[in-house]
Amino acid sequence: MLALALLLAAAPAFREGEVVLRDFKFASGQTLPALRLHYRTLGQPRPEAVLVLHGTTGSSAQFTGDQFAGELFGDGQPLDAGKTFIVIPDNLGHGQSSKPSDGLHARFPRYGYADMVEAQRLLLEKLGVTHLKVIIGTSMGCMHAWVWLEKSPDFVEAALPLACLPVQIAGRNRVMRKMVIDAIRTDPAWRGGEYKKPPRRGLRAALDALLVMGSAPLVLQGRAPTRDAADAFYEAWMKKRLTETDANDFVYAFEASSDYDPRPGLEQIKARVIAVNSADDFINPPELGILEREVARVPHGKAVVLPISEATRGHGTHTLPALWKQYLLELLSSPATQ
């Protein structure tokens, strides 16, 4: 019992905070008088930091459990919080940061990934960070990492983009995104985003597509091996997501990817990059061959596609460091680029 108590006492504790960015100007030209950014940190504040970025509809909370933090941030682990300052924001439009559901609804300024990365930059500035040792980005955060690498080449030393492609969103990925947005906007209850009651029919259709996008056949078959088990899983999943999801926030979050297109600037990236996808990722399927082709253009880049196994979780493999932290260690041990 004493050993357990000492272990718990030594575990890194997340601190939560909030900054307010005054008169934040969006790429569209719109302005928000006060943009609130919620964040979590680990370790003592210092000029060099590690930035961890979540995916679409996610938040910093997803990185606090044993599955993620327990693999990376503990004593002697790759990003030991005793030696590293780790910053994990709730990105614009997500979590406890400013978002349409706070009250502006469809009058909230339209934002894109460029706006989200700029908000991250200003947050780091407020925290006194002048250099990023590494960015770990999952899904949407993976795409944000590519934006960072091109927008601030001297600010970022290394990046581990997880579960995305460094090209404009097109093909089936774009079609699925348009499906979820249109499903909500064509629901009669939508009312231009000023709904009195949630547009549940459209939201259900959008969440149906989201479930397919993020799932993997091997995982679902193991979790729901019978007809009744599959029905029970789906009903419980949908009930939970309907309770948690606001239609405006959902639409804005998916529309934000429309300005993403890092492909033209890949040769100019200075940082060390290891981009990791998994072979059972429905959103970024390996048969496209895009990851390997495009990362080959990055001067200090490497592409990795994890093979399907009982441990991989499709698109969600990005939140399982046990499967990819060897590449983080490789990245951290590589010599700095000039």
# chains A, B, ... in the order shown; residues from 1 in each chain; ligands from 1
>>> residues_around(residues="segment 80-88 of chain A", least_positions_apart="4", cutoff="8 Å", atoms="only C-alpha atoms", output="count of residues only")
21
>>> select_by_dssp(residues="segment 28-180 of chain A", states="strand (DSSP E or B)", output="ChimeraX atom specification")
/A:31-42,48-53,86-89,131-138,156,158-162
>>> closest_atom_pairs(of="segment 13-111 of chain A", to="segment 236-257 of chain A", cutoff="9 Å", atoms="only C-alpha atoms", output="Markdown table")
| residue | atom | partner | partner_atom | distance |
| --- | --- | --- | --- | --- |
| A:Thr56 | CA | A:Ala253 | CA | 6.2 |
| A:Thr57 | CA | A:Ala253 | CA | 6.7 |
| A:Leu92 | CA | A:Ala253 | CA | 9.0 |
| A:Gly93 | CA | A:Asp249 | CA | 6.5 |
| A:His94 | CA | A:Asp249 | CA | 7.5 |
| A:Lys99 | CA | A:Asp249 | CA | 6.5 |
| A:Pro100 | CA | A:Asp249 | CA | 5.7 |
| A:Ser101 | CA | A:Asp249 | CA | 6.2 |
| A:His105 | CA | A:Asn248 | CA | 6.3 |
| A:Ala106 | CA | A:Asn248 | CA | 6.7 |
| A:Arg110 | CA | A:Tyr252 | CA | 7.1 |
| A:Tyr111 | CA | A:Ala256 | CA | 5.7 |
>>> closest_residue(among="A:Thr64, A:Asn91, A:Ser97, A:Asn277", to="Val20 of chain A", atoms="only C-alpha atoms")
A:Ser97
>>> residues_around(residues="Asp23 of chain A", least_positions_apart="4", cutoff="6 Å", atoms="only C-alpha atoms", output="JSON, numbers by chain")
{"A": [31, 32, 33, 34]}
>>> write_last_selection(atoms="N, CA and C atoms", output="short mmCIF file (atom, residue, chain, number, x, y, z; two decimals), in the first residue's frame")
data_model
loop_
_atom_site.label_atom_id
_atom_site.label_comp_id
_atom_site.auth_asym_id
_atom_site.auth_seq_id
_atom_site.Cartn_x
_atom_site.Cartn_y
_atom_site.Cartn_z
N THR A 31 -14.12 39.00 -36.63
CA THR A 31 -13.40 39.19 -35.37
C THR A 31 -14.27 38.72 -34.21
N LEU A 32 -13.64 38.10 -33.23
CA LEU A 32 -14.31 37.72 -32.00
C LEU A 32 -13.70 38.56 -30.87
N PRO A 33 -14.51 39.34 -30.16
CA PRO A 33 -13.96 40.23 -29.13
C PRO A 33 -13.13 39.50 -28.08
N ALA A 34 -13.55 38.28 -27.71
CA ALA A 34 -12.82 37.52 -26.70
C ALA A 34 -12.88 36.04 -27.06
#
>>> select_by_dssp(residues="segment 136-213 of chain A", states="alpha helix (DSSP H)", output="ChimeraX atom specification")
/A:140-151,171-185,200-213
>>> atom_distance(atom1="atom CA of Ala69 of chain A", atom2="atom CA of His315 of chain A")
18.9 Å
>>> closest_residue(among="A:Leu165, A:Val180, A:Ala159, A:Val219", to="Gly289 of chain A", atoms="only C-alpha atoms")
A:Leu165
>>> decode(residues="segment 208-243 of chain A", atoms="N, CA, C and O atoms", output="PDB file, in the first residue's frame")
ATOM      1  N   ASP A 208     -23.901   8.508 -37.528  1.00  0.00           N
ATOM      2  CA  ASP A 208     -23.788   7.192 -38.188  1.00  0.00           C
ATOM      3  C   ASP A 208     -22.544   7.165 -39.073  1.00  0.00           C
ATOM      4  O   ASP A 208     -21.745   6.221 -39.039  1.00  0.00           O
ATOM      5  N   ALA A 209     -22.390   8.209 -39.879  1.00  0.00           N
ATOM      6  CA  ALA A 209     -21.232   8.284 -40.776  1.00  0.00           C
ATOM      7  C   ALA A 209     -19.937   8.374 -39.973  1.00  0.00           C
ATOM      8  O   ALA A 209     -18.924   7.760 -40.326  1.00  0.00           O
ATOM      9  N   LEU A 210     -19.961   9.141 -38.884  1.00  0.00           N
ATOM     10  CA  LEU A 210     -18.771   9.284 -38.047  1.00  0.00           C
ATOM     11  C   LEU A 210     -18.350   7.947 -37.455  1.00  0.00           C
ATOM     12  O   LEU A 210     -17.154   7.640 -37.382  1.00  0.00           O
ATOM     13  N   LEU A 211     -19.313   7.147 -37.048  1.00  0.00           N
ATOM     14  CA  LEU A 211     -19.004   5.825 -36.491  1.00  0.00           C
ATOM     15  C   LEU A 211     -18.302   4.956 -37.526  1.00  0.00           C
ATOM     16  O   LEU A 211     -17.298   4.294 -37.227  1.00  0.00           O
ATOM     17  N   VAL A 212     -18.785   4.979 -38.747  1.00  0.00           N
ATOM     18  CA  VAL A 212     -18.157   4.193 -39.818  1.00  0.00           C
ATOM     19  C   VAL A 212     -16.751   4.729 -40.099  1.00  0.00           C
ATOM     20  O   VAL A 212     -15.796   3.961 -40.247  1.00  0.00           O
ATOM     21  N   MET A 213     -16.604   6.043 -40.144  1.00  0.00           N
ATOM     22  CA  MET A 213     -15.309   6.651 -40.438  1.00  0.00           C
ATOM     23  C   MET A 213     -14.245   6.239 -39.423  1.00  0.00           C
ATOM     24  O   MET A 213     -13.101   5.950 -39.776  1.00  0.00           O
ATOM     25  N   GLY A 214     -14.615   6.208 -38.160  1.00  0.00           N
ATOM     26  CA  GLY A 214     -13.623   5.979 -37.116  1.00  0.00           C
ATOM     27  C   GLY A 214     -13.456   4.554 -36.663  1.00  0.00           C
ATOM     28  O   GLY A 214     -12.592   4.270 -35.830  1.00  0.00           O
ATOM     29  N   SER A 215     -14.257   3.639 -37.191  1.00  0.00           N
ATOM     30  CA  SER A 215     -14.224   2.257 -36.700  1.00  0.00           C
ATOM     31  C   SER A 215     -13.324   1.372 -37.554  1.00  0.00           C
ATOM     32  O   SER A 215     -12.878   1.755 -38.635  1.00  0.00           O
ATOM     33  N   ALA A 216     -13.060   0.168 -37.021  1.00  0.00           N
ATOM     34  CA  ALA A 216     -12.267  -0.833 -37.736  1.00  0.00           C
ATOM     35  C   ALA A 216     -12.977  -2.181 -37.624  1.00  0.00           C
ATOM     36  O   ALA A 216     -13.414  -2.555 -36.530  1.00  0.00           O
ATOM     37  N   PRO A 217     -13.106  -2.922 -38.727  1.00  0.00           N
ATOM     38  CA  PRO A 217     -13.873  -4.172 -38.720  1.00  0.00           C
ATOM     39  C   PRO A 217     -13.394  -5.183 -37.679  1.00  0.00           C
ATOM     40  O   PRO A 217     -14.209  -5.791 -36.975  1.00  0.00           O
ATOM     41  N   LEU A 218     -12.102  -5.373 -37.566  1.00  0.00           N
ATOM     42  CA  LEU A 218     -11.567  -6.373 -36.646  1.00  0.00           C
ATOM     43  C   LEU A 218     -11.929  -6.033 -35.198  1.00  0.00           C
ATOM     44  O   LEU A 218     -12.299  -6.907 -34.412  1.00  0.00           O
ATOM     45  N   VAL A 219     -11.859  -4.758 -34.868  1.00  0.00           N
ATOM     46  CA  VAL A 219     -12.169  -4.317 -33.509  1.00  0.00           C
ATOM     47  C   VAL A 219     -13.651  -4.498 -33.199  1.00  0.00           C
ATOM     48  O   VAL A 219     -14.027  -5.054 -32.161  1.00  0.00           O
ATOM     49  N   LEU A 220     -14.506  -4.034 -34.117  1.00  0.00           N
ATOM     50  CA  LEU A 220     -15.946  -4.136 -33.882  1.00  0.00           C
ATOM     51  C   LEU A 220     -16.424  -5.579 -33.852  1.00  0.00           C
ATOM     52  O   LEU A 220     -17.315  -5.930 -33.091  1.00  0.00           O
ATOM     53  N   GLN A 221     -15.832  -6.431 -34.684  1.00  0.00           N
ATOM     54  CA  GLN A 221     -16.220  -7.835 -34.681  1.00  0.00           C
ATOM     55  C   GLN A 221     -15.896  -8.480 -33.337  1.00  0.00           C
ATOM     56  O   GLN A 221     -16.677  -9.276 -32.804  1.00  0.00           O
ATOM     57  N   GLY A 222     -14.743  -8.115 -32.776  1.00  0.00           N
ATOM     58  CA  GLY A 222     -14.377  -8.666 -31.474  1.00  0.00           C
ATOM     59  C   GLY A 222     -15.225  -8.116 -30.348  1.00  0.00           C
ATOM     60  O   GLY A 222     -15.549  -8.843 -29.401  1.00  0.00           O
ATOM     61  N   ARG A 223     -15.587  -6.856 -30.455  1.00  0.00           N
ATOM     62  CA  ARG A 223     -16.375  -6.223 -29.399  1.00  0.00           C
ATOM     63  C   ARG A 223     -17.846  -6.602 -29.471  1.00  0.00           C
ATOM     64  O   ARG A 223     -18.543  -6.626 -28.452  1.00  0.00           O
ATOM     65  N   ALA A 224     -18.334  -6.868 -30.674  1.00  0.00           N
ATOM     66  CA  ALA A 224     -19.753  -7.186 -30.867  1.00  0.00           C
ATOM     67  C   ALA A 224     -19.877  -8.409 -31.775  1.00  0.00           C
ATOM     68  O   ALA A 224     -20.254  -8.287 -32.944  1.00  0.00           O
ATOM     69  N   PRO A 225     -19.557  -9.607 -31.267  1.00  0.00           N
ATOM     70  CA  PRO A 225     -19.484 -10.805 -32.113  1.00  0.00           C
ATOM     71  C   PRO A 225     -20.836 -11.447 -32.447  1.00  0.00           C
ATOM     72  O   PRO A 225     -20.888 -12.400 -33.212  1.00  0.00           O
ATOM     73  N   THR A 226     -21.916 -10.940 -31.861  1.00  0.00           N
ATOM     74  CA  THR A 226     -23.246 -11.469 -32.157  1.00  0.00           C
ATOM     75  C   THR A 226     -24.163 -10.336 -32.593  1.00  0.00           C
ATOM     76  O   THR A 226     -23.864  -9.148 -32.369  1.00  0.00           O
ATOM     77  N   ARG A 227     -25.301 -10.701 -33.184  1.00  0.00           N
ATOM     78  CA  ARG A 227     -26.264  -9.691 -33.628  1.00  0.00           C
ATOM     79  C   ARG A 227     -26.726  -8.826 -32.462  1.00  0.00           C
ATOM     80  O   ARG A 227     -26.750  -7.596 -32.543  1.00  0.00           O
ATOM     81  N   ASP A 228     -27.084  -9.463 -31.343  1.00  0.00           N
ATOM     82  CA  ASP A 228     -27.588  -8.711 -30.198  1.00  0.00           C
ATOM     83  C   ASP A 228     -26.508  -7.814 -29.605  1.00  0.00           C
ATOM     84  O   ASP A 228     -26.789  -6.688 -29.181  1.00  0.00           O
ATOM     85  N   ALA A 229     -25.284  -8.309 -29.563  1.00  0.00           N
ATOM     86  CA  ALA A 229     -24.185  -7.512 -29.017  1.00  0.00           C
ATOM     87  C   ALA A 229     -23.923  -6.292 -29.905  1.00  0.00           C
ATOM     88  O   ALA A 229     -23.656  -5.192 -29.408  1.00  0.00           O
ATOM     89  N   ALA A 230     -24.003  -6.485 -31.224  1.00  0.00           N
ATOM     90  CA  ALA A 230     -23.787  -5.376 -32.149  1.00  0.00           C
ATOM     91  C   ALA A 230     -24.887  -4.323 -31.997  1.00  0.00           C
ATOM     92  O   ALA A 230     -24.606  -3.114 -31.974  1.00  0.00           O
ATOM     93  N   ASP A 231     -26.137  -4.759 -31.882  1.00  0.00           N
ATOM     94  CA  ASP A 231     -27.237  -3.817 -31.702  1.00  0.00           C
ATOM     95  C   ASP A 231     -27.088  -3.039 -30.399  1.00  0.00           C
ATOM     96  O   ASP A 231     -27.302  -1.821 -30.360  1.00  0.00           O
ATOM     97  N   ALA A 232     -26.707  -3.741 -29.323  1.00  0.00           N
ATOM     98  CA  ALA A 232     -26.554  -3.090 -28.023  1.00  0.00           C
ATOM     99  C   ALA A 232     -25.413  -2.083 -28.054  1.00  0.00           C
ATOM    100  O   ALA A 232     -25.524  -0.976 -27.491  1.00  0.00           O
ATOM    101  N   PHE A 233     -24.311  -2.456 -28.723  1.00  0.00           N
ATOM    102  CA  PHE A 233     -23.178  -1.535 -28.832  1.00  0.00           C
ATOM    103  C   PHE A 233     -23.599  -0.260 -29.551  1.00  0.00           C
ATOM    104  O   PHE A 233     -23.309   0.853 -29.094  1.00  0.00           O
ATOM    105  N   TYR A 234     -24.276  -0.422 -30.685  1.00  0.00           N
ATOM    106  CA  TYR A 234     -24.664   0.741 -31.480  1.00  0.00           C
ATOM    107  C   TYR A 234     -25.620   1.650 -30.718  1.00  0.00           C
ATOM    108  O   TYR A 234     -25.463   2.873 -30.713  1.00  0.00           O
ATOM    109  N   GLU A 235     -26.606   1.060 -30.061  1.00  0.00           N
ATOM    110  CA  GLU A 235     -27.584   1.867 -29.331  1.00  0.00           C
ATOM    111  C   GLU A 235     -26.929   2.651 -28.199  1.00  0.00           C
ATOM    112  O   GLU A 235     -27.230   3.833 -27.988  1.00  0.00           O
ATOM    113  N   ALA A 236     -26.007   2.014 -27.472  1.00  0.00           N
ATOM    114  CA  ALA A 236     -25.315   2.699 -26.373  1.00  0.00           C
ATOM    115  C   ALA A 236     -24.407   3.804 -26.911  1.00  0.00           C
ATOM    116  O   ALA A 236     -24.345   4.909 -26.349  1.00  0.00           O
ATOM    117  N   TRP A 237     -23.704   3.510 -28.010  1.00  0.00           N
ATOM    118  CA  TRP A 237     -22.808   4.509 -28.611  1.00  0.00           C
ATOM    119  C   TRP A 237     -23.592   5.722 -29.073  1.00  0.00           C
ATOM    120  O   TRP A 237     -23.208   6.864 -28.783  1.00  0.00           O
ATOM    121  N   MET A 238     -24.697   5.481 -29.777  1.00  0.00           N
ATOM    122  CA  MET A 238     -25.492   6.582 -30.308  1.00  0.00           C
ATOM    123  C   MET A 238     -26.120   7.403 -29.185  1.00  0.00           C
ATOM    124  O   MET A 238     -26.129   8.654 -29.239  1.00  0.00           O
ATOM    125  N   LYS A 239     -26.617   6.765 -28.160  1.00  0.00           N
ATOM    126  CA  LYS A 239     -27.229   7.486 -27.045  1.00  0.00           C
ATOM    127  C   LYS A 239     -26.217   8.431 -26.401  1.00  0.00           C
ATOM    128  O   LYS A 239     -26.518   9.594 -26.121  1.00  0.00           O
ATOM    129  N   LYS A 240     -25.003   7.945 -26.193  1.00  0.00           N
ATOM    130  CA  LYS A 240     -23.958   8.755 -25.574  1.00  0.00           C
ATOM    131  C   LYS A 240     -23.571   9.936 -26.465  1.00  0.00           C
ATOM    132  O   LYS A 240     -23.472  11.075 -26.009  1.00  0.00           O
ATOM    133  N   ARG A 241     -23.363   9.678 -27.753  1.00  0.00           N
ATOM    134  CA  ARG A 241     -22.920  10.730 -28.653  1.00  0.00           C
ATOM    135  C   ARG A 241     -24.000  11.784 -28.876  1.00  0.00           C
ATOM    136  O   ARG A 241     -23.702  12.975 -28.991  1.00  0.00           O
ATOM    137  N   LEU A 242     -25.264  11.366 -28.951  1.00  0.00           N
ATOM    138  CA  LEU A 242     -26.340  12.340 -29.109  1.00  0.00           C
ATOM    139  C   LEU A 242     -26.416  13.282 -27.907  1.00  0.00           C
ATOM    140  O   LEU A 242     -26.709  14.471 -28.052  1.00  0.00           O
ATOM    141  N   THR A 243     -26.136  12.743 -26.735  1.00  0.00           N
ATOM    142  CA  THR A 243     -26.157  13.551 -25.517  1.00  0.00           C
ATOM    143  C   THR A 243     -25.019  14.562 -25.504  1.00  0.00           C
ATOM    144  O   THR A 243     -25.168  15.698 -25.044  1.00  0.00           O
TER     145      THR A 243
END
